[in-house]
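File shown here: input.txt, holding compact mmCIF, C-alpha atoms and all ligand atoms.
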# COMPACT_ATOMS: atom_id res chain seq x y z
CA MET L 744 98.92 75.47 151.43
CA LYS L 745 101.59 77.95 150.35
CA THR L 746 104.27 75.25 150.36
CA ARG L 747 102.06 73.12 148.18
CA ILE L 748 101.69 75.89 145.61
CA VAL L 749 105.45 76.47 145.58
CA THR L 750 106.03 72.74 145.13
CA LEU L 751 103.52 72.62 142.29
CA LEU L 752 105.19 75.62 140.63
CA LEU L 753 108.57 73.92 140.96
CA ILE L 754 107.27 70.74 139.36
CA PHE L 755 105.76 72.83 136.57
CA ALA L 756 109.05 74.67 135.99
CA ILE L 757 110.99 71.39 135.86
CA SER L 758 108.48 69.67 133.57
CA PHE L 759 108.22 72.60 131.18
CA PRO L 760 111.60 74.26 130.82
CA LEU L 761 111.22 77.90 129.81
CA SER L 762 113.36 77.33 126.72
CA ALA L 763 110.63 75.11 125.23
CA ALA L 764 108.22 78.04 125.26
CA LYS L 765 110.59 80.50 123.60
CA PRO L 766 109.09 82.06 120.49
CA ILE L 767 110.77 81.67 117.10
CA ARG L 768 112.35 85.04 116.26
CA ILE L 769 112.13 85.79 112.55
CA LEU L 770 114.13 88.45 110.76
CA VAL L 771 112.37 89.66 107.62
CA ILE L 772 114.81 90.94 104.99
CA THR L 773 113.25 93.57 102.72
CA GLY L 774 114.48 96.14 100.19
CA GLY L 775 114.51 96.53 96.42
CA HIS L 776 110.75 96.10 95.96
CA ALA L 777 107.76 98.05 97.29
CA TYR L 778 105.04 96.21 99.19
CA LYS L 779 102.03 96.92 101.41
CA ILE L 780 103.90 97.13 104.69
CA GLU L 781 100.90 97.40 107.00
CA GLN L 782 99.06 94.39 105.54
CA PHE L 783 102.27 92.38 105.36
CA ASN L 784 102.99 93.09 109.04
CA GLN L 785 99.40 92.17 109.92
CA MET L 786 100.05 88.76 108.40
CA LEU L 787 103.23 88.39 110.47
CA ALA L 788 101.37 89.42 113.64
CA SER L 789 98.61 86.89 112.83
CA LEU L 790 101.11 84.03 113.14
CA GLY L 791 100.57 84.18 116.90
CA PRO L 792 102.78 84.48 119.99
CA SER L 793 104.98 81.51 119.01
CA ILE L 794 106.57 83.68 116.30
CA THR L 795 107.98 87.19 116.81
CA TYR L 796 109.32 89.35 113.99
CA GLN L 797 111.63 92.21 113.19
CA VAL L 798 112.24 93.74 109.78
CA ALA L 799 115.62 94.76 108.35
CA GLU L 800 115.97 96.55 105.01
CA LEU L 801 118.87 96.01 102.63
CA PRO L 802 121.55 97.20 102.24
CA GLY L 803 121.70 98.06 105.97
CA ALA L 804 120.46 94.54 106.72
CA TYR L 805 123.77 93.05 105.57
CA ASP L 806 125.03 93.73 109.11
CA MET L 807 122.59 91.14 110.45
CA PHE L 808 124.43 88.37 108.57
CA MET L 809 127.65 89.13 110.47
CA PRO L 810 128.64 86.40 112.99
CA GLU L 811 128.12 88.73 115.98
CA ASN L 812 124.48 89.39 115.00
CA ARG L 813 123.39 85.85 114.10
CA ASN L 814 122.17 85.08 117.60
CA LYS L 815 119.60 87.90 117.41
CA TYR L 816 117.15 85.83 115.33
CA ASP L 817 116.29 82.20 114.55
CA VAL L 818 114.89 82.25 111.01
CA LEU L 819 115.45 84.52 107.99
CA VAL L 820 112.37 85.41 105.95
CA PHE L 821 113.29 86.86 102.56
CA TYR L 822 110.91 89.45 101.10
CA HIS L 823 113.51 91.53 99.30
CA MET L 824 114.48 91.92 95.66
CA TRP L 825 117.93 93.35 96.24
CA GLN L 826 120.53 93.22 93.46
CA LYS L 827 123.76 94.84 94.65
CA ILE L 828 126.18 92.80 96.73
CA THR L 829 129.93 93.00 97.21
CA GLU L 830 132.15 89.95 97.29
CA GLU L 831 132.63 90.35 101.04
CA GLU L 832 128.87 90.76 101.72
CA ALA L 833 128.13 87.70 99.57
CA LYS L 834 130.61 85.61 101.55
CA VAL L 835 129.10 86.58 104.92
CA PHE L 836 125.50 86.19 103.63
CA ALA L 837 126.10 82.68 102.26
CA ASP L 838 128.15 81.63 105.30
CA CYS L 839 125.38 82.70 107.70
CA ILE L 840 122.99 80.26 106.02
CA LYS L 841 125.55 77.52 105.37
CA GLN L 842 126.33 77.49 109.11
CA GLY L 843 122.67 76.76 109.84
CA LYS L 844 120.50 79.90 109.75
CA PRO L 845 117.29 78.69 108.06
CA VAL L 846 115.40 80.60 105.36
CA VAL L 847 111.81 81.01 104.21
CA ALA L 848 112.01 82.85 100.86
CA LEU L 849 108.85 84.53 99.57
CA HIS L 850 107.71 85.74 96.18
CA HIS L 851 109.97 88.44 94.64
CA SER L 852 112.96 87.24 96.65
CA ILE L 853 113.20 84.65 93.81
CA CYS L 854 113.96 87.63 91.53
CA ALA L 855 116.87 89.04 93.58
CA TYR L 856 120.59 88.98 92.75
CA ASP L 857 120.70 88.73 88.95
CA ASP L 858 124.50 88.50 89.09
CA TRP L 859 125.07 86.25 92.12
CA PRO L 860 124.53 82.56 91.17
CA GLU L 861 125.29 81.35 94.71
CA TYR L 862 122.02 83.00 95.84
CA TRP L 863 120.17 80.95 93.21
CA ASN L 864 121.89 77.90 94.67
CA ILE L 865 120.91 78.87 98.24
CA ILE L 866 117.19 79.08 97.47
CA GLY L 867 117.15 76.60 94.59
CA GLY L 868 115.45 78.93 92.14
CA LYS L 869 115.83 82.08 90.07
CA TYR L 870 113.56 84.41 88.10
CA PHE L 871 115.74 85.72 85.27
CA HIS L 872 115.36 89.37 84.22
CA LYS L 873 117.70 88.85 81.25
CA GLU L 874 118.84 85.95 79.08
CA THR L 875 121.06 83.88 81.36
CA THR L 876 123.13 80.76 80.88
CA TYR L 877 123.14 78.61 84.01
CA LYS L 878 124.32 75.03 84.44
CA GLY L 879 124.73 74.70 80.68
CA LYS L 880 121.18 75.81 79.90
CA VAL L 881 120.06 79.09 78.34
CA PHE L 882 117.13 80.73 80.14
CA GLN L 883 115.08 83.43 78.43
CA PRO L 884 113.84 86.42 80.47
CA CYS L 885 110.93 85.27 82.66
CA SER L 886 107.44 86.79 82.64
CA TYR L 887 104.84 87.71 85.24
CA ILE L 888 101.09 88.38 85.34
CA HIS L 889 99.34 90.21 88.18
CA ASP L 890 95.91 89.63 89.74
CA LEU L 891 95.07 86.10 88.69
CA ASN L 892 92.68 83.68 90.35
CA PHE L 893 94.14 80.19 90.26
CA ASN L 894 94.45 77.00 92.28
CA VAL L 895 97.38 75.89 94.38
CA LYS L 896 97.82 72.14 94.53
CA VAL L 897 99.41 70.57 97.61
CA VAL L 898 101.80 67.87 96.37
CA ASN L 899 102.58 66.26 99.71
CA THR L 900 100.00 66.63 102.48
CA LYS L 901 102.20 64.73 104.96
CA HIS L 902 105.15 67.14 104.89
CA PRO L 903 105.26 69.30 108.07
CA VAL L 904 105.10 72.48 105.94
CA THR L 905 101.90 71.47 104.13
CA LYS L 906 100.31 69.23 106.78
CA GLY L 907 96.60 69.91 107.20
CA ILE L 908 96.45 72.07 104.07
CA THR L 909 94.46 70.94 101.05
CA ASP L 910 94.41 72.44 97.55
CA PHE L 911 93.33 76.06 97.82
CA PRO L 912 92.39 79.04 95.61
CA ILE L 913 94.60 82.12 95.54
CA PHE L 914 94.52 85.60 93.97
CA ASP L 915 98.11 86.44 93.21
CA GLU L 916 100.83 87.15 90.67
CA THR L 917 102.35 84.30 88.66
CA TYR L 918 105.92 83.96 87.37
CA LYS L 919 106.74 81.88 84.30
CA GLY L 920 110.02 80.41 83.10
CA TYR L 921 112.04 80.60 86.30
CA TYR L 922 114.73 78.11 87.18
CA VAL L 923 113.96 75.48 89.85
CA ASP L 924 116.84 73.25 90.96
CA GLU L 925 116.23 69.61 90.02
CA ASN L 926 117.12 68.46 93.55
CA VAL L 927 114.46 70.42 95.46
CA THR L 928 111.51 68.68 97.12
CA PRO L 929 108.35 70.11 95.53
CA LEU L 930 105.54 71.01 97.96
CA LEU L 931 103.13 73.06 95.84
CA THR L 932 102.26 73.14 92.16
CA THR L 933 99.76 74.85 89.89
CA ASP L 934 98.36 74.14 86.43
CA GLU L 935 97.85 77.87 85.78
CA PRO L 936 99.38 78.26 82.26
CA SER L 937 101.07 81.60 83.06
CA SER L 938 103.08 80.01 85.89
CA THR L 939 106.01 77.66 86.20
CA PRO L 940 104.36 74.47 87.58
CA VAL L 941 106.35 74.17 90.84
CA ILE L 942 105.49 77.12 93.10
CA GLY L 943 106.67 75.85 96.49
CA TRP L 944 109.61 73.67 97.54
CA THR L 945 112.14 72.77 100.22
CA LYS L 946 115.84 72.09 100.09
CA LYS L 947 118.95 72.25 102.25
CA TYR L 948 121.87 74.63 101.98
CA GLY L 949 124.76 73.64 104.21
CA LYS L 950 123.21 72.96 107.61
CA ALA L 951 120.10 75.08 106.95
CA ARG L 952 116.61 74.12 105.91
CA ILE L 953 115.17 76.29 103.13
CA VAL L 954 111.52 76.73 102.10
CA VAL L 955 110.54 78.78 99.05
CA LEU L 956 106.99 79.98 98.36
CA GLN L 957 106.48 81.79 95.05
CA SER L 958 103.19 83.36 96.16
CA GLY L 959 102.92 86.54 98.23
CA HIS L 960 102.61 89.60 96.00
CA ASP L 961 99.84 91.53 97.70
CA ALA L 962 97.27 91.85 100.48
CA PRO L 963 94.83 89.16 99.21
CA THR L 964 97.59 86.56 99.68
CA PHE L 965 98.69 88.07 103.01
CA GLU L 966 95.08 87.51 104.15
CA ASN L 967 94.68 84.05 102.59
CA PRO L 968 94.21 81.59 105.51
CA ALA L 969 95.95 78.73 103.68
CA PHE L 970 98.93 80.95 102.87
CA ARG L 971 99.17 82.10 106.51
CA GLN L 972 99.12 78.50 107.67
CA LEU L 973 101.80 77.58 105.10
CA LEU L 974 104.00 80.45 106.23
CA LYS L 975 103.63 79.55 109.90
CA GLN L 976 104.35 75.87 109.28
CA ALA L 977 107.31 76.74 107.02
CA ILE L 978 108.86 79.01 109.67
CA THR L 979 108.29 76.41 112.40
CA TRP L 980 109.71 73.54 110.33
CA VAL L 981 112.87 75.32 109.14
CA SER L 982 113.59 76.50 112.70
CA LYS L 983 114.07 72.89 113.83
CA LYS L 984 117.56 71.46 113.65
ZN ZN N 1 105.09 90.63 92.91
Output the file's structure in the form of structure tokens.
Ligand SMILES: [Zn+2]
Amino acid sequence: MKTRIVTLLLIFAISFPLSAAKPIRILVITGGHAYKIEQFNQMLASLGPSITYQVAELPGAYDMFMPENRNKYDVLVFYHMWQKITEEEAKVFADCIKQGKPVVALHHSICAYDDWPEYWNIIGGKYFHKETTYKGKVFQPCSYIHDLNFNVKVVNTKHPVTKGITDFPIFDETYKGYYVDENVTPLLTTDEPSSTPVIGWTKKYGKARIVVLQSGHDAPTFENPAFRQLLKQAITWVSKK
């Protein structure tokens, strides 16, 4: 009987290599904007055992982009609004993603780095705090409105990030007038007049998959089941090569 159990265990181990069950390790980059830490972390914990998280705050978090630290996590989740970056930090940051570290960028991370256009290129969007000329176009300062009830429309229900999610209501902050790269793949839109229409998209930067979700200001969104599902599916999809 014992031999049989051992044999069965061996077959199980061969059929299901341990690597297949490894959780996706996310590194959440914060800094430059206050947020409800406890509720935000509750959302991360709700993603289940297939996703583990650690949080690193800028500017100390720049270390995590260094080549020797890149094997400590699988996916970057941006929830920062940091502005200051040196030339050397910018090079290492961009290289980390170009070499294949995927990104899910949330909410005010679209507003980060007013003076670093390569970041706008990485995520394919930018909320401008001041009048800015980019790619031959003049952008006026963008605007935001807090605490709005509006509808999120799912553009493509077959994409792995939005699969199984239908149009859903949200209570969140809108941004209007931000830049969205013309080459992104739109996933989510809204007809809320105080928002730029495209509020979720994917793109590639170097070898990395990128997903951007404009929503995510406060606890009601952290607790929104559709948003949690989107976040989980975004992290899972970008983590695949
Ligand atoms: Zn906000």
How close does each residue of chain L get to ligand ZN 1 (chain N), giving the shortest atom pair and distance in Å to one decimal for every residue with an atom at most 9 Å away, counting all atoms listed in the file, sorted by chain and residue number, as CSV?
residue,atom,partner,partner_atom,distance
L:His776,CA,N:ZN1,ZN,8.4
L:Tyr778,CA,N:ZN1,ZN,8.4
L:His850,CA,N:ZN1,ZN,6.4
L:His851,CA,N:ZN1,ZN,5.6
L:Tyr887,CA,N:ZN1,ZN,8.2
L:Ile888,CA,N:ZN1,ZN,8.9
L:His889,CA,N:ZN1,ZN,7.5
L:Asp915,CA,N:ZN1,ZN,8.1
L:Glu916,CA,N:ZN1,ZN,5.9
L:Thr917,CA,N:ZN1,ZN,8.1
L:Tyr918,CA,N:ZN1,ZN,8.7
L:Ser958,CA,N:ZN1,ZN,8.2
L:Gly959,CA,N:ZN1,ZN,7.1
L:His960,CA,N:ZN1,ZN,4.1
L:Asp961,CA,N:ZN1,ZN,7.2
Nearby residues (only C-alpha atoms) at most 6 Å from segment 785-787 of chain L, same-chain spacing under 3 positions excluded, as a count of residues only: 3
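For the choices L:Asn967, L:Leu819, L:Pro903, L:Asp806, the atom-to-atom distance to Pro845 of chain L is smallest for L:Leu819 when using only C-alpha atoms.
Between atom CA of Pro963 of chain L and atom CA of Leu931 of chain L there is a distance of 18.4 Å.
Taking all atoms listed in the file into account, Ile978 of chain L lies nearest to L:Ser793 out of the set L:Thr773, L:Ser793, L:Thr876, L:Asn894.
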Using only C-alpha atoms, the residue out of L:Gly920, L:Ala804, L:Ala837, L:Phe893 with shortest distance to Lys873 of chain L is L:Gly920
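Counting all atoms listed in the file, the residue from L:Val881, L:Leu849, L:Cys854, L:Val895 that sits nearest to Val955 of chain L is L:Leu849.
Distances to Thr905 of chain L were evaluated for L:Gln976, L:Thr939, L:Thr875, L:Asn814 using all atoms listed in the file, and the minimum falls at L:Gln976.
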Residue with the minimum atom-to-atom distance to Tyr922 of chain L, picked from L:Gly843, L:Gly775, L:Pro940, L:Pro766 with only C-alpha atoms counted, is L:Pro940
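When the distance limit is 12 Å and all atoms listed in the file are what count, the residues near Asn926 of chain L, minus those fewer than 4 positions from it on the same chain, are Asn864, Ile866, Gly867, Gly868, Tyr922, Trp944, Thr945, Lys946, Lys947 and Tyr948 of chain L.
Across the structure, atom CA of Phe836 of chain L and atom CA of Lys984 of chain L are spaced 19.5 Å apart.
Picture a line from atom CA of Asp857 of chain L to atom CA of Gln826 of chain L; it runs 6.4 Å.
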Got a sec: who's within 7 Å of Val904 of chain L, counting only C-alpha atoms, leaving out chain neighbours fewer than 3 positions off, as JSON, numbers by chain? {"L": [973, 976, 977, 980]}
Neighbours of Glu874 of chain L within 9 Å (all atoms listed in the file; same-chain residues fewer than 2 positions away dropped), as JSON, numbers by chain? {"L": [871, 872, 876, 881, 882, 883, 884, 885]}
